$ cat data_24.txt   # compact mmCIF, C-alpha atoms
# COMPACT_ATOMS: atom_id res chain seq x y z
CA MET Y 733 -34.63 26.24 -38.36
CA ARG Y 734 -31.21 27.61 -39.11
CA ARG Y 735 -28.49 25.88 -37.14
CA VAL Y 736 -26.44 28.23 -34.93
CA SER Y 737 -22.69 27.99 -35.55
CA LEU Y 738 -20.28 26.71 -32.91
CA ALA Y 739 -18.54 30.07 -32.64
CA ALA Y 740 -21.85 31.89 -32.15
CA ARG Y 741 -23.03 29.41 -29.52
CA LEU Y 742 -19.78 29.56 -27.61
CA ALA Y 743 -19.59 33.35 -27.93
CA ALA Y 744 -23.10 33.67 -26.45
CA LEU Y 745 -22.12 31.34 -23.63
CA ALA Y 746 -18.97 33.35 -23.03
CA LEU Y 747 -20.96 36.59 -22.83
CA LEU Y 748 -23.34 35.05 -20.29
CA VAL Y 749 -20.50 33.72 -18.13
CA ALA Y 750 -18.52 36.94 -18.34
CA SER Y 751 -21.58 38.99 -17.39
CA ALA Y 752 -22.29 36.82 -14.38
CA ALA Y 753 -18.68 36.89 -13.22
CA ALA Y 754 -17.92 40.55 -13.96
CA ARG Y 755 -16.40 42.67 -11.22
CA PRO Y 756 -17.66 46.24 -10.97
CA ALA Y 757 -14.23 47.62 -10.15
CA SER Y 758 -12.59 46.18 -13.27
CA ALA Y 759 -13.15 47.33 -16.84
CA HIS Y 760 -10.86 44.66 -18.33
CA GLN Y 761 -12.73 42.02 -20.35
CA SER Y 762 -11.75 38.47 -19.45
CA SER Y 763 -10.11 36.48 -22.23
CA VAL Y 764 -11.88 33.58 -23.91
CA ALA Y 765 -10.58 30.65 -25.99
CA TYR Y 766 -12.70 28.13 -27.88
CA SER Y 767 -12.00 24.40 -28.04
CA ASP Y 768 -13.48 21.67 -30.20
CA ILE Y 769 -12.53 18.24 -28.81
CA VAL Y 770 -13.25 15.03 -30.71
CA VAL Y 771 -12.37 11.60 -29.29
CA ASP Y 772 -11.66 9.20 -32.15
CA GLY Y 773 -10.42 5.74 -31.17
CA ARG Y 774 -6.98 6.17 -29.62
CA ASP Y 775 -6.73 9.83 -30.64
CA ILE Y 776 -8.08 13.02 -29.10
CA GLU Y 777 -8.36 15.65 -31.83
CA TYR Y 778 -8.20 19.13 -30.31
CA THR Y 779 -8.91 22.34 -32.26
CA LEU Y 780 -8.26 25.51 -30.27
CA GLN Y 781 -9.13 29.08 -31.34
CA ILE Y 782 -7.25 31.90 -29.60
CA ALA Y 783 -7.88 35.58 -30.29
CA SER Y 784 -4.93 37.60 -31.59
CA THR Y 785 -5.31 39.90 -28.55
CA ASP Y 786 -4.39 36.96 -26.28
CA LEU Y 787 -1.42 35.60 -28.21
CA PHE Y 788 1.34 37.92 -27.03
CA GLU Y 789 2.95 35.65 -24.42
CA ALA Y 790 2.46 32.49 -26.48
CA VAL Y 791 4.38 33.86 -29.48
CA GLY Y 792 6.80 36.06 -27.50
CA VAL Y 793 5.87 39.67 -28.30
CA GLU Y 794 5.29 42.70 -26.06
CA LYS Y 795 2.23 42.68 -23.86
CA ASP Y 796 -1.24 44.18 -24.37
CA ARG Y 797 -1.48 44.55 -28.10
CA PRO Y 798 -2.89 42.31 -30.81
CA VAL Y 799 -0.35 40.04 -32.45
CA THR Y 800 0.00 40.51 -36.19
CA ARG Y 801 -0.51 37.70 -38.65
CA ASP Y 802 3.16 37.68 -39.58
CA GLU Y 803 4.15 37.44 -35.91
CA ALA Y 804 1.73 34.56 -35.40
CA ARG Y 805 3.15 32.65 -38.36
CA ALA Y 806 6.74 33.33 -37.28
CA GLY Y 807 5.94 32.20 -33.72
CA ARG Y 808 4.20 29.00 -34.77
CA ASP Y 809 6.69 26.61 -33.14
CA ARG Y 810 6.77 28.67 -29.96
CA LEU Y 811 2.97 28.75 -29.88
CA PHE Y 812 2.70 24.97 -30.19
CA ALA Y 813 5.35 24.48 -27.49
CA TYR Y 814 3.35 26.84 -25.27
CA LEU Y 815 0.17 24.85 -25.82
CA GLY Y 816 1.92 21.50 -25.34
CA ALA Y 817 3.17 22.65 -21.93
CA ARG Y 818 -0.29 23.77 -20.80
CA ILE Y 819 -2.79 21.31 -22.26
CA HIS Y 820 -2.48 17.66 -21.28
CA ALA Y 821 -4.49 14.50 -21.83
CA THR Y 822 -4.38 11.15 -20.07
CA SER Y 823 -6.18 7.92 -20.85
CA GLY Y 824 -6.50 5.19 -18.27
CA GLY Y 825 -3.95 7.03 -16.16
CA SER Y 826 -1.30 7.05 -18.93
CA ALA Y 827 -0.20 10.22 -20.69
CA CYS Y 828 -1.30 10.77 -24.28
CA ALA Y 829 1.43 12.07 -26.59
CA PHE Y 830 0.97 15.67 -27.77
CA GLU Y 831 1.36 16.30 -31.50
CA PRO Y 832 0.87 19.71 -33.17
CA GLU Y 833 -0.69 19.49 -36.61
CA SER Y 834 -1.54 22.83 -38.23
CA LEU Y 835 -2.11 26.54 -37.66
CA ASP Y 836 -4.73 28.61 -39.54
CA LEU Y 837 -5.45 32.30 -39.11
CA VAL Y 838 -9.18 32.98 -39.24
CA ASP Y 839 -10.81 36.40 -39.55
CA LYS Y 840 -12.49 37.54 -36.37
CA GLY Y 841 -16.04 38.57 -37.10
CA GLY Y 842 -17.11 41.90 -35.61
CA GLY Y 843 -13.57 43.00 -34.81
CA THR Y 844 -11.18 45.31 -36.59
CA GLY Y 845 -9.65 44.19 -39.84
CA ASP Y 846 -6.39 43.36 -38.06
CA GLU Y 847 -7.91 41.01 -35.48
CA PHE Y 848 -8.12 37.24 -36.05
CA PHE Y 849 -8.27 33.87 -34.36
CA ALA Y 850 -5.31 31.50 -34.36
CA ALA Y 851 -6.93 28.13 -35.04
CA CYS Y 852 -4.51 25.49 -33.74
CA ARG Y 853 -5.09 21.85 -34.63
CA LEU Y 854 -3.59 19.50 -32.06
CA ARG Y 855 -3.70 15.76 -31.54
CA PHE Y 856 -3.17 13.60 -28.47
CA ARG Y 857 -2.23 9.98 -29.21
CA CYS Y 858 -3.21 7.69 -26.36
CA PRO Y 859 -1.77 4.24 -25.61
CA ARG Y 860 -5.06 2.48 -26.36
CA THR Y 861 -8.64 3.26 -27.35
CA VAL Y 862 -9.98 6.00 -25.12
CA GLU Y 863 -12.52 4.78 -22.58
CA ARG Y 864 -11.75 6.94 -19.55
CA ALA Y 865 -9.68 10.05 -20.15
CA ALA Y 866 -8.98 13.45 -18.62
CA ILE Y 867 -8.03 16.72 -20.30
CA THR Y 868 -6.29 19.40 -18.24
CA TYR Y 869 -6.41 22.96 -19.55
CA ASP Y 870 -3.92 25.43 -18.00
CA LEU Y 871 -3.96 28.22 -20.60
CA PHE Y 872 -3.78 31.91 -19.61
CA PHE Y 873 -4.91 31.56 -16.00
CA ASP Y 874 -1.56 32.96 -14.83
CA LEU Y 875 -2.21 36.06 -16.96
CA ASP Y 876 -5.95 36.36 -16.43
CA PRO Y 877 -7.54 34.46 -13.51
CA ARG Y 878 -10.97 35.12 -15.08
CA HIS Y 879 -10.02 33.48 -18.37
CA GLN Y 880 -12.67 31.14 -19.79
CA GLY Y 881 -11.97 28.11 -21.95
CA LEU Y 882 -15.20 27.19 -23.73
CA ALA Y 883 -15.18 23.67 -25.13
CA ARG Y 884 -17.42 21.41 -27.19
CA ILE Y 885 -16.73 17.69 -26.68
CA ARG Y 886 -17.99 14.78 -28.75
CA TRP Y 887 -17.09 11.21 -29.70
CA ALA Y 888 -16.39 10.41 -33.34
CA GLY Y 889 -19.02 8.16 -34.92
CA GLU Y 890 -21.69 9.21 -32.42
CA ASP Y 891 -23.34 11.99 -34.41
CA ASP Y 892 -26.70 11.36 -32.80
CA ALA Y 893 -25.31 11.71 -29.28
CA PRO Y 894 -25.71 15.13 -27.64
CA GLU Y 895 -22.62 17.32 -27.67
CA ARG Y 896 -21.14 18.14 -24.30
CA GLU Y 897 -20.15 21.70 -23.47
CA GLN Y 898 -17.51 22.45 -20.87
CA ILE Y 899 -16.18 25.69 -19.40
CA PHE Y 900 -12.58 25.57 -18.17
CA ARG Y 901 -12.05 28.03 -15.29
CA ASP Y 902 -9.20 28.75 -12.92
CA ARG Y 903 -10.74 26.44 -10.32
CA ALA Y 904 -12.09 23.89 -12.82
CA ARG Y 905 -9.22 23.07 -15.19
CA THR Y 906 -9.85 19.36 -15.79
CA VAL Y 907 -12.65 17.58 -17.60
CA GLU Y 908 -13.27 13.85 -17.31
CA LEU Y 909 -14.29 11.91 -20.43
CA ARG Y 910 -15.91 8.50 -20.25
CA ARG Y 911 -17.38 6.04 -22.70
CA ASP Y 912 -18.10 2.40 -21.95
CA LEU Y 913 -16.51 -0.06 -24.38
CA GLY Y 914 -17.64 -3.66 -24.81
CA ALA Y 915 -15.51 -6.77 -24.61
CA LEU Y 916 -15.24 -6.98 -28.41
CA ASP Y 917 -14.10 -3.35 -28.57
CA HIS Y 918 -11.29 -4.14 -26.14
CA ALA Y 919 -10.38 -7.33 -28.00
CA ARG Y 920 -10.08 -5.43 -31.29
CA ASP Y 921 -7.99 -2.76 -29.59
CA TYR Y 922 -5.63 -5.32 -28.04
CA LEU Y 923 -5.25 -7.14 -31.35
CA HIS Y 924 -3.97 -3.87 -32.82
CA LEU Y 925 -1.70 -3.35 -29.81
CA GLY Y 926 -0.15 -6.79 -30.26
CA ILE Y 927 0.67 -6.14 -33.91
CA GLU Y 928 1.98 -2.68 -33.07
CA HIS Y 929 4.19 -4.00 -30.29
CA ILE Y 930 6.07 -6.21 -32.73
CA PHE Y 931 6.48 -3.52 -35.39
CA THR Y 932 7.59 -0.85 -32.93
CA GLY Y 933 9.60 -3.04 -30.55
CA TYR Y 934 13.22 -3.15 -31.67
CA ASP Y 935 14.11 -5.97 -29.29
CA HIS Y 936 11.37 -8.33 -30.47
CA VAL Y 937 12.06 -7.63 -34.14
CA ALA Y 938 15.74 -8.37 -33.44
CA PHE Y 939 14.78 -11.63 -31.73
CA VAL Y 940 12.69 -12.73 -34.73
CA PHE Y 941 15.45 -11.74 -37.17
CA GLY Y 942 17.93 -13.76 -35.11
CA LEU Y 943 15.74 -16.81 -35.62
CA LEU Y 944 15.36 -16.02 -39.33
CA ALA Y 945 19.11 -15.66 -39.87
CA VAL Y 946 19.56 -19.40 -39.50
CA ALA Y 947 16.24 -20.52 -40.95
CA GLY Y 948 16.81 -18.54 -44.18
CA ALA Y 949 19.90 -20.58 -45.02
CA ALA Y 950 17.72 -23.70 -45.30
CA GLY Y 951 15.79 -22.22 -48.24
CA LEU Y 952 12.25 -20.99 -48.56
CA ARG Y 953 10.27 -24.17 -47.84
CA ARG Y 954 12.47 -25.74 -45.18
CA GLY Y 955 13.16 -22.36 -43.65
CA ALA Y 956 9.44 -21.58 -43.49
CA ARG Y 957 8.73 -24.87 -41.71
CA ARG Y 958 11.50 -24.21 -39.20
CA ILE Y 959 10.65 -20.59 -38.48
CA LEU Y 960 6.90 -21.14 -38.21
CA GLY Y 961 7.50 -23.82 -35.59
CA VAL Y 962 9.79 -21.74 -33.41
CA VAL Y 963 7.75 -18.54 -33.77
CA THR Y 964 4.60 -20.42 -32.75
CA ALA Y 965 6.45 -21.92 -29.77
CA PHE Y 966 7.44 -18.41 -28.76
CA THR Y 967 3.83 -17.20 -29.00
CA LEU Y 968 2.45 -20.13 -26.99
CA ALA Y 969 4.99 -19.56 -24.24
CA HIS Y 970 4.54 -15.82 -23.87
CA SER Y 971 0.77 -16.34 -23.91
CA VAL Y 972 1.08 -18.43 -20.75
CA THR Y 973 3.13 -15.96 -18.73
CA LEU Y 974 1.38 -12.87 -20.12
CA ILE Y 975 -2.03 -14.13 -19.04
CA ALA Y 976 -0.74 -15.45 -15.70
CA SER Y 977 0.98 -12.14 -14.90
CA ALA Y 978 -1.91 -9.93 -16.08
CA LEU Y 979 -4.35 -11.93 -13.94
CA GLY Y 980 -2.02 -11.59 -10.93
CA TRP Y 981 -1.15 -15.26 -10.60
CA VAL Y 982 2.62 -14.85 -11.09
CA GLN Y 983 4.68 -11.67 -10.83
CA LEU Y 984 8.25 -10.86 -11.81
CA SER Y 985 9.89 -7.47 -11.47
CA PRO Y 986 10.65 -5.63 -14.75
CA ARG Y 987 14.15 -5.04 -13.34
CA ILE Y 988 14.67 -8.78 -13.79
CA VAL Y 989 12.56 -9.37 -16.88
CA GLU Y 990 13.85 -6.61 -19.15
CA PRO Y 991 17.57 -7.46 -18.81
CA ALA Y 992 16.66 -11.16 -19.22
CA ILE Y 993 14.89 -10.37 -22.51
CA ALA Y 994 18.02 -8.61 -23.75
CA LEU Y 995 20.17 -11.58 -22.71
CA SER Y 996 17.90 -13.97 -24.62
CA ILE Y 997 18.57 -11.98 -27.80
CA VAL Y 998 22.31 -11.96 -27.09
CA TYR Y 999 22.20 -15.74 -26.73
CA VAL Y 1000 20.40 -16.24 -30.06
CA GLY Y 1001 22.91 -14.00 -31.86
CA VAL Y 1002 25.95 -15.71 -30.35
CA GLU Y 1003 24.55 -19.20 -30.95
CA ASN Y 1004 23.96 -18.29 -34.61
CA MET Y 1005 27.61 -17.32 -34.97
CA VAL Y 1006 29.07 -20.45 -33.39
CA ASN Y 1007 26.65 -22.99 -34.84
CA ARG Y 1008 25.40 -23.04 -38.43
CA GLU Y 1009 22.47 -25.28 -37.54
CA PRO Y 1010 21.45 -24.77 -33.90
CA GLN Y 1011 19.45 -27.64 -32.43
CA HIS Y 1012 16.38 -27.58 -30.22
CA ARG Y 1013 15.32 -24.09 -31.26
CA PHE Y 1014 11.69 -24.99 -30.52
CA ALA Y 1015 12.47 -25.65 -26.84
CA LEU Y 1016 14.81 -22.66 -26.67
CA THR Y 1017 12.26 -20.17 -28.01
CA PHE Y 1018 9.56 -21.64 -25.79
CA GLY Y 1019 11.73 -20.98 -22.74
CA PHE Y 1020 12.60 -17.47 -23.89
CA GLY Y 1021 8.94 -16.85 -24.71
CA LEU Y 1022 8.06 -17.44 -21.05
CA VAL Y 1023 10.40 -14.57 -20.14
CA HIS Y 1024 9.13 -12.28 -22.91
CA GLY Y 1025 5.55 -12.83 -21.74
CA PHE Y 1026 6.32 -11.06 -18.46
CA GLY Y 1027 7.68 -8.15 -20.50
CA PHE Y 1028 4.48 -7.96 -22.53
CA ALA Y 1029 2.45 -8.01 -19.31
CA SER Y 1030 4.43 -5.05 -17.93
CA VAL Y 1031 3.69 -3.04 -21.07
CA LEU Y 1032 -0.03 -3.76 -20.89
CA LYS Y 1033 -0.19 -2.87 -17.20
CA GLU Y 1034 1.41 0.48 -17.95
CA ILE Y 1035 -1.28 1.41 -20.47
CA GLY Y 1036 -4.09 -0.08 -18.37
CA LEU Y 1037 -5.95 -3.37 -18.49
CA PRO Y 1038 -9.64 -3.42 -19.48
CA GLN Y 1039 -12.26 -4.27 -16.89
CA LYS Y 1040 -14.51 -5.98 -19.43
CA GLY Y 1041 -13.39 -9.03 -21.38
CA LEU Y 1042 -9.89 -9.08 -19.84
CA LEU Y 1043 -9.08 -12.68 -20.79
CA LEU Y 1044 -10.41 -12.21 -24.34
CA SER Y 1045 -8.31 -9.04 -24.69
CA LEU Y 1046 -5.16 -10.83 -23.54
CA VAL Y 1047 -5.72 -13.66 -26.01
CA SER Y 1048 -6.36 -11.08 -28.72
CA PHE Y 1049 -3.09 -9.34 -27.88
CA ASN Y 1050 -1.20 -12.61 -28.27
CA VAL Y 1051 -2.88 -13.22 -31.62
CA GLY Y 1052 -1.77 -9.74 -32.65
CA VAL Y 1053 1.81 -10.52 -31.66
CA GLU Y 1054 1.68 -13.70 -33.75
CA ILE Y 1055 0.30 -11.77 -36.74
CA GLY Y 1056 3.06 -9.19 -36.40
CA GLN Y 1057 5.72 -11.88 -36.27
CA LEU Y 1058 4.29 -13.65 -39.32
CA VAL Y 1059 4.29 -10.37 -41.28
CA VAL Y 1060 7.98 -9.93 -40.42
CA VAL Y 1061 8.67 -13.53 -41.46
CA ALA Y 1062 6.72 -13.14 -44.71
CA ALA Y 1063 8.65 -9.98 -45.56
CA VAL Y 1064 12.16 -11.15 -44.63
CA LEU Y 1065 12.33 -14.93 -45.23
CA PRO Y 1066 11.91 -14.83 -49.05
CA LEU Y 1067 14.70 -12.25 -49.27
CA LEU Y 1068 17.02 -14.35 -47.09
CA ALA Y 1069 16.20 -17.50 -49.08
CA LEU Y 1070 17.05 -15.68 -52.32
CA VAL Y 1071 20.35 -14.44 -50.89
CA ALA Y 1072 21.20 -17.94 -49.63
CA ASP Y 1073 20.43 -19.58 -52.97
CA PRO Y 1074 20.89 -17.25 -55.98
CA LYS Y 1075 19.69 -20.02 -58.29
CA LEU Y 1076 16.30 -20.14 -56.61
CA GLY Y 1077 13.55 -19.94 -59.21
CA SER Y 1078 13.35 -16.24 -59.99
CA ARG Y 1079 9.90 -16.47 -61.56
CA LEU Y 1080 8.42 -17.32 -58.18
CA VAL Y 1081 10.74 -15.96 -55.52
CA ARG Y 1082 11.72 -12.52 -56.78
CA PRO Y 1083 8.12 -11.32 -57.25
CA LEU Y 1084 7.37 -12.85 -53.86
CA VAL Y 1085 10.22 -10.85 -52.30
CA VAL Y 1086 8.99 -7.60 -53.80
CA ALA Y 1087 5.38 -8.35 -52.77
CA SER Y 1088 6.43 -9.24 -49.21
CA VAL Y 1089 8.44 -6.07 -48.66
CA ALA Y 1090 5.72 -3.96 -50.27
CA ALA Y 1091 3.04 -5.58 -48.09
CA ALA Y 1092 5.03 -4.97 -44.91
CA THR Y 1093 5.61 -1.36 -45.98
CA PHE Y 1094 1.92 -0.85 -46.64
CA VAL Y 1095 0.88 -2.30 -43.28
CA LEU Y 1096 3.39 -0.21 -41.36
CA PHE Y 1097 2.53 2.99 -43.18
CA ARG Y 1098 -1.24 2.60 -43.03
CA ARG Y 1099 -1.62 1.32 -39.48
CA PHE Y 1100 1.23 2.87 -37.52
CA ASP Y 1101 1.86 6.25 -39.19
CA VAL Y 1102 5.51 5.55 -39.98
CA PRO Y 1103 6.85 8.42 -42.15
CA PRO Y 1104 6.90 7.16 -45.77
CA VAL Y 1105 10.44 8.41 -46.51
CA GLN Y 1106 11.87 6.73 -43.40
CA LEU Y 1107 9.88 3.59 -44.13
CA GLY Y 1108 11.09 3.44 -47.73
CA VAL Y 1109 14.71 3.81 -46.68
CA VAL Y 1110 14.46 1.09 -44.04
CA THR Y 1111 12.48 -1.46 -46.05
CA PHE Y 1112 13.48 -1.11 -49.68
CA GLY Y 1113 16.92 0.36 -48.90
CA GLY Y 1114 17.68 -2.29 -46.30
CA ALA Y 1115 16.42 -5.09 -48.51
CA THR Y 1116 18.54 -3.89 -51.44
CA LEU Y 1117 21.66 -3.55 -49.30
CA LEU Y 1118 21.18 -7.01 -47.81
CA PHE Y 1119 20.64 -8.54 -51.22
CA VAL Y 1120 23.69 -6.86 -52.81
CA LEU Y 1121 26.04 -7.63 -49.91
CA GLY Y 1122 24.75 -11.17 -49.58
CA ARG Y 1123 25.27 -11.91 -53.27
CA ARG Y 1124 28.74 -10.34 -53.14
CA PHE Y 1125 30.14 -11.84 -49.92
CA GLY Y 1126 27.88 -14.84 -49.31
CA TYR Y 1127 24.97 -15.56 -47.00
CA ASP Y 1128 27.11 -17.04 -44.27
CA ARG Y 1129 29.29 -13.95 -43.85
CA VAL Y 1130 26.67 -11.27 -44.28
CA VAL Y 1131 23.56 -12.74 -42.66
CA ARG Y 1132 24.54 -15.53 -40.27
CA LEU Y 1133 27.75 -13.96 -38.97
CA GLY Y 1134 27.33 -10.26 -39.71
CA GLY Y 1135 23.62 -9.96 -38.96
CA SER Y 1136 23.88 -12.08 -35.83
CA ALA Y 1137 26.86 -10.04 -34.60
CA VAL Y 1138 24.86 -6.83 -34.99
CA ILE Y 1139 21.92 -8.33 -33.12
CA ALA Y 1140 24.13 -9.59 -30.29
CA ALA Y 1141 25.88 -6.20 -30.02
CA LEU Y 1142 22.60 -4.28 -29.89
CA ALA Y 1143 21.15 -6.66 -27.31
CA THR Y 1144 24.27 -6.31 -25.16
CA PHE Y 1145 23.80 -2.54 -25.32
CA TRP Y 1146 20.14 -2.93 -24.30
CA PHE Y 1147 21.17 -5.21 -21.42
CA PHE Y 1148 23.47 -2.61 -19.90
CA GLU Y 1149 20.85 0.12 -20.43
CA ARG Y 1150 18.22 -1.91 -18.60
CA VAL Y 1151 20.52 -2.94 -15.77
CA THR Y 1152 21.75 0.59 -15.14
CA GLY Y 1153 18.42 2.28 -15.87
CA HIS Y 1154 20.04 4.91 -18.10
CA GLY Y 1155 19.04 5.33 -21.74
CA LEU Y 1156 21.86 6.32 -24.07
CA PHE Y 1157 21.84 8.22 -27.37
CA GLY Y 1158 18.33 9.50 -26.68
CA GLY Y 1159 16.86 6.03 -27.14
CA ALA Y 1160 17.85 6.00 -30.82
CA LEU Y 1161 19.07 2.40 -30.54
CA GLY Y 1162 15.89 1.15 -28.94

$ encode --input "data_24.txt" --output "structure tokens"
Amino acid sequence: MRRVSLAARLAALALLVASAAARPASAHQSSVAYSDIVVDGRDIEYTLQIASTDLFEAVGVEKDRPVTRDEARAGRDRLFAYLGARIHATSGGSACAFEPESLDLVDKGGGTGDEFFAACRLRFRCPRTVERAAITYDLFFDLDPRHQGLARIRWAGEDDAPEREQIFRDRARTVELRRDLGALDHARDYLHLGIEHIFTGYDHVAFVFGLLAVAGAAGLRRGARRILGVVTAFTLAHSVTLIASALGWVQLSPRIVEPAIALSIVYVGVENMVNREPQHRFALTFGFGLVHGFGFASVLKEIGLPQKGLLLSLVSFNVGVEIGQLVVVAAVLPLLALVADPKLGSRLVRPLVVASVAAATFVLFRRFDVPPVQLGVVTFGGATLLFVLGRRFGYDRVVRLGGSAVIAALATFWFFERVTGHGLFGGALG
């Protein structure tokens, strides 16, 4: 049997609904838009088809005439802004970030040669893997109370599961999505979140770099032994307070925790500058790790804690944090060791430096969608600048003093932001 296309199925459904809801006194045909919604991990992929006769407000042209193809292309940014203001998705109570992707103009079968559909590809990025989500559709109801939004909803990787069809109406604008995840699904998701939190958290990267600034001066082997010890102490400590806070055993207000995290980074930076070989870093980072654990717990509570396998997910998150820290160490420590000791065996270390930076670049690009140009500038550009300046002015001046001063200054800035509750420079400095 020939399979009926999505457009044909939805068009038939639209005709049935419109016929049932038609008002005898009105000859105006209610508008219809078609949605294809696919839930894929942490993303909700949303393809929306809007007829050219319904685009006038969205692209900013006069009312009651079909929009031309040129007008649709010229109004692309306005169209996506219009959609972003009227279609929303949440997962576990947290908002999913709206991202426009592409616009295609598709011929409208059965219409005049000038009529078409604007096929808009959108994406909603949710804080964690979608288990319980809601999509709110507010398109065109202010213009046409009888507007229908016909949607097909499915989960990626579940091709055998029946597709769900939904009709958005003026009095039914929200659809609830639900899929039960197992404990291992949550654990895998939280492992990814832990790694991501290190790569995307400026303050924690700065904290790790502050520890590396001193360890790198000891050379590759000694530095590795030192940094692995203190990084592991940090992970053990924040594991304790993260789990205790997430389970509700101990609570601290973020208004105390977040400024305290910034102060811990300030302390590391200042101590680096006044002491070439700080003592008791293991105990210091363990103490600071206890504070950082409360910060991690606040982040996880914001995106929602799983009901199944909670303890396993929390442990998995901590493992992810440790993996993220070790990737940073593996990428940065060989470079610092080479800057500290230019005579270090080039046959081993220089290829290791290149491989470390390349590996970190690959992980960031593949897993966290960092733009490749930006990533290249930060990793390879930053590594080159550090190497050149370090060889020219010495490790002590550039890394221990200069790098630590930058870290302390940034952390001081973060401290005042967190105390006052006002973000400056649009959050560009973290």

$ residues_near_point --input "data_24.txt" --point "(-8.6, 35.7, -10.8)" --cutoff "10 Å" --atoms "only C-alpha atoms" --output "list in words"
Ser762, Phe873, Asp874, Leu875, Asp876, Pro877, Arg878, His879, Arg901, Asp902 and Arg903 of chain Y

$ closest_residue --input "data_24.txt" --among "Y:Phe812, Y:Phe848, Y:Phe1125, Y:Phe1020" --to "Y:Ile782" --atoms "all atoms listed in the file"
Y:Phe848

$ residues_around --input "data_24.txt" --residues "Y:Asn1007" --least-positions-apart "2" --cutoff "12 Å" --atoms "all atoms listed in the file" --output "list in words"
Ala945, Val946, Tyr999, Val1000, Gly1001, Val1002, Glu1003, Asn1004, Met1005, Glu1009, Pro1010, Gln1011, Arg1013, Asp1128, Arg1132, Leu1133 and Ser1136 of chain Y

$ residues_near_point --input "data_24.txt" --point "(3.6, 40.2, -25.9)" --cutoff "12 Å" --atoms "all atoms listed in the file" --output "PyMOL selection string"
chain Y and resi 784-800+803-804+807+875

$ atom_distance --input "data_24.txt" --atom1 "atom CA of Y:Arg957" --atom2 "atom CA of Y:Val1061"
11.3 Å

$ closest_residue --input "data_24.txt" --among "Y:Gly816, Y:Gly825, Y:Gly1134, Y:Gly1122" --to "Y:Leu1067" --atoms "all atoms listed in the file"
Y:Gly1122

$ residues_around --input "data_24.txt" --residues "Y:Leu780" --least-positions-apart "2" --cutoff "7 Å" --atoms "all atoms listed in the file" --output "list in words"
Tyr766, Ser767, Asp768, Tyr778, Ile782, Ala851, Cys852 and Arg853 of chain Y

$ write_last_selection --input "data_24.txt" --atoms "C-alpha atoms" --output "tab-separated table (two decimals), keeping the file's coordinate frame"
chain	number	residue	atom	x	y	z
Y	766	TYR	CA	-12.70	28.13	-27.88
Y	767	SER	CA	-12.00	24.40	-28.04
Y	768	ASP	CA	-13.48	21.67	-30.20
Y	778	TYR	CA	-8.20	19.13	-30.31
Y	782	ILE	CA	-7.25	31.90	-29.60
Y	851	ALA	CA	-6.93	28.13	-35.04
Y	852	CYS	CA	-4.51	25.49	-33.74
Y	853	ARG	CA	-5.09	21.85	-34.63

$ residues_around --input "data_24.txt" --residues "stretch 1043-1046 of chain Y" --least-positions-apart "5" --cutoff "6 Å" --atoms "all atoms listed in the file" --output "ChimeraX atom specification"
/Y:918-919,922

$ closest_residue --input "data_24.txt" --among "Y:Pro986, Y:His929, Y:Lys1033, Y:Gly948" --to "Y:Ile1055" --atoms "all atoms listed in the file"
Y:His929

$ residues_around --input "data_24.txt" --residues "Y:Lys840" --least-positions-apart "6" --cutoff "10 Å" --atoms "only C-alpha atoms" --output "count of residues only"
7

$ closest_residue --input "data_24.txt" --among "Y:Val1071, Y:Ala1029, Y:Val1023, Y:Leu854" --to "Y:Ser834" --atoms "all atoms listed in the file"
Y:Leu854

$ closest_residue --input "data_24.txt" --among "Y:Gly1052, Y:Pro1066, Y:Gly980, Y:Gly881" --to "Y:Ser1030" --atoms "all atoms listed in the file"
Y:Gly980

$ decode --input "data_24.txt" --residues "stretch 811-830 of chain Y" --atoms "C-alpha atoms" --output "PDB file, in the first residue's frame"
ATOM      1  CA  LEU Y 811      10.428  35.600  10.765  1.00  0.00           C
ATOM      2  CA  PHE Y 812      12.687  33.617  13.090  1.00  0.00           C
ATOM      3  CA  ALA Y 813      12.394  36.292  15.788  1.00  0.00           C
ATOM      4  CA  TYR Y 814       8.609  36.099  15.403  1.00  0.00           C
ATOM      5  CA  LEU Y 815       8.646  32.328  15.828  1.00  0.00           C
ATOM      6  CA  GLY Y 816      11.074  32.464  18.758  1.00  0.00           C
ATOM      7  CA  ALA Y 817       8.708  34.805  20.605  1.00  0.00           C
ATOM      8  CA  ARG Y 818       5.685  32.556  20.049  1.00  0.00           C
ATOM      9  CA  ILE Y 819       6.922  28.970  20.264  1.00  0.00           C
ATOM     10  CA  HIS Y 820       8.511  27.825  23.516  1.00  0.00           C
ATOM     11  CA  ALA Y 821       9.757  24.549  24.936  1.00  0.00           C
ATOM     12  CA  THR Y 822      10.568  23.542  28.493  1.00  0.00           C
ATOM     13  CA  SER Y 823      12.117  20.362  29.844  1.00  0.00           C
ATOM     14  CA  GLY Y 824      11.809  19.434  33.481  1.00  0.00           C
ATOM     15  CA  GLY Y 825      10.524  22.935  34.162  1.00  0.00           C
ATOM     16  CA  SER Y 826      13.610  24.632  32.643  1.00  0.00           C
ATOM     17  CA  ALA Y 827      13.464  26.613  29.412  1.00  0.00           C
ATOM     18  CA  CYS Y 828      15.046  25.113  26.295  1.00  0.00           C
ATOM     19  CA  ALA Y 829      17.119  27.549  24.243  1.00  0.00           C
ATOM     20  CA  PHE Y 830      15.624  28.500  20.869  1.00  0.00           C
TER      21      PHE Y 830
END
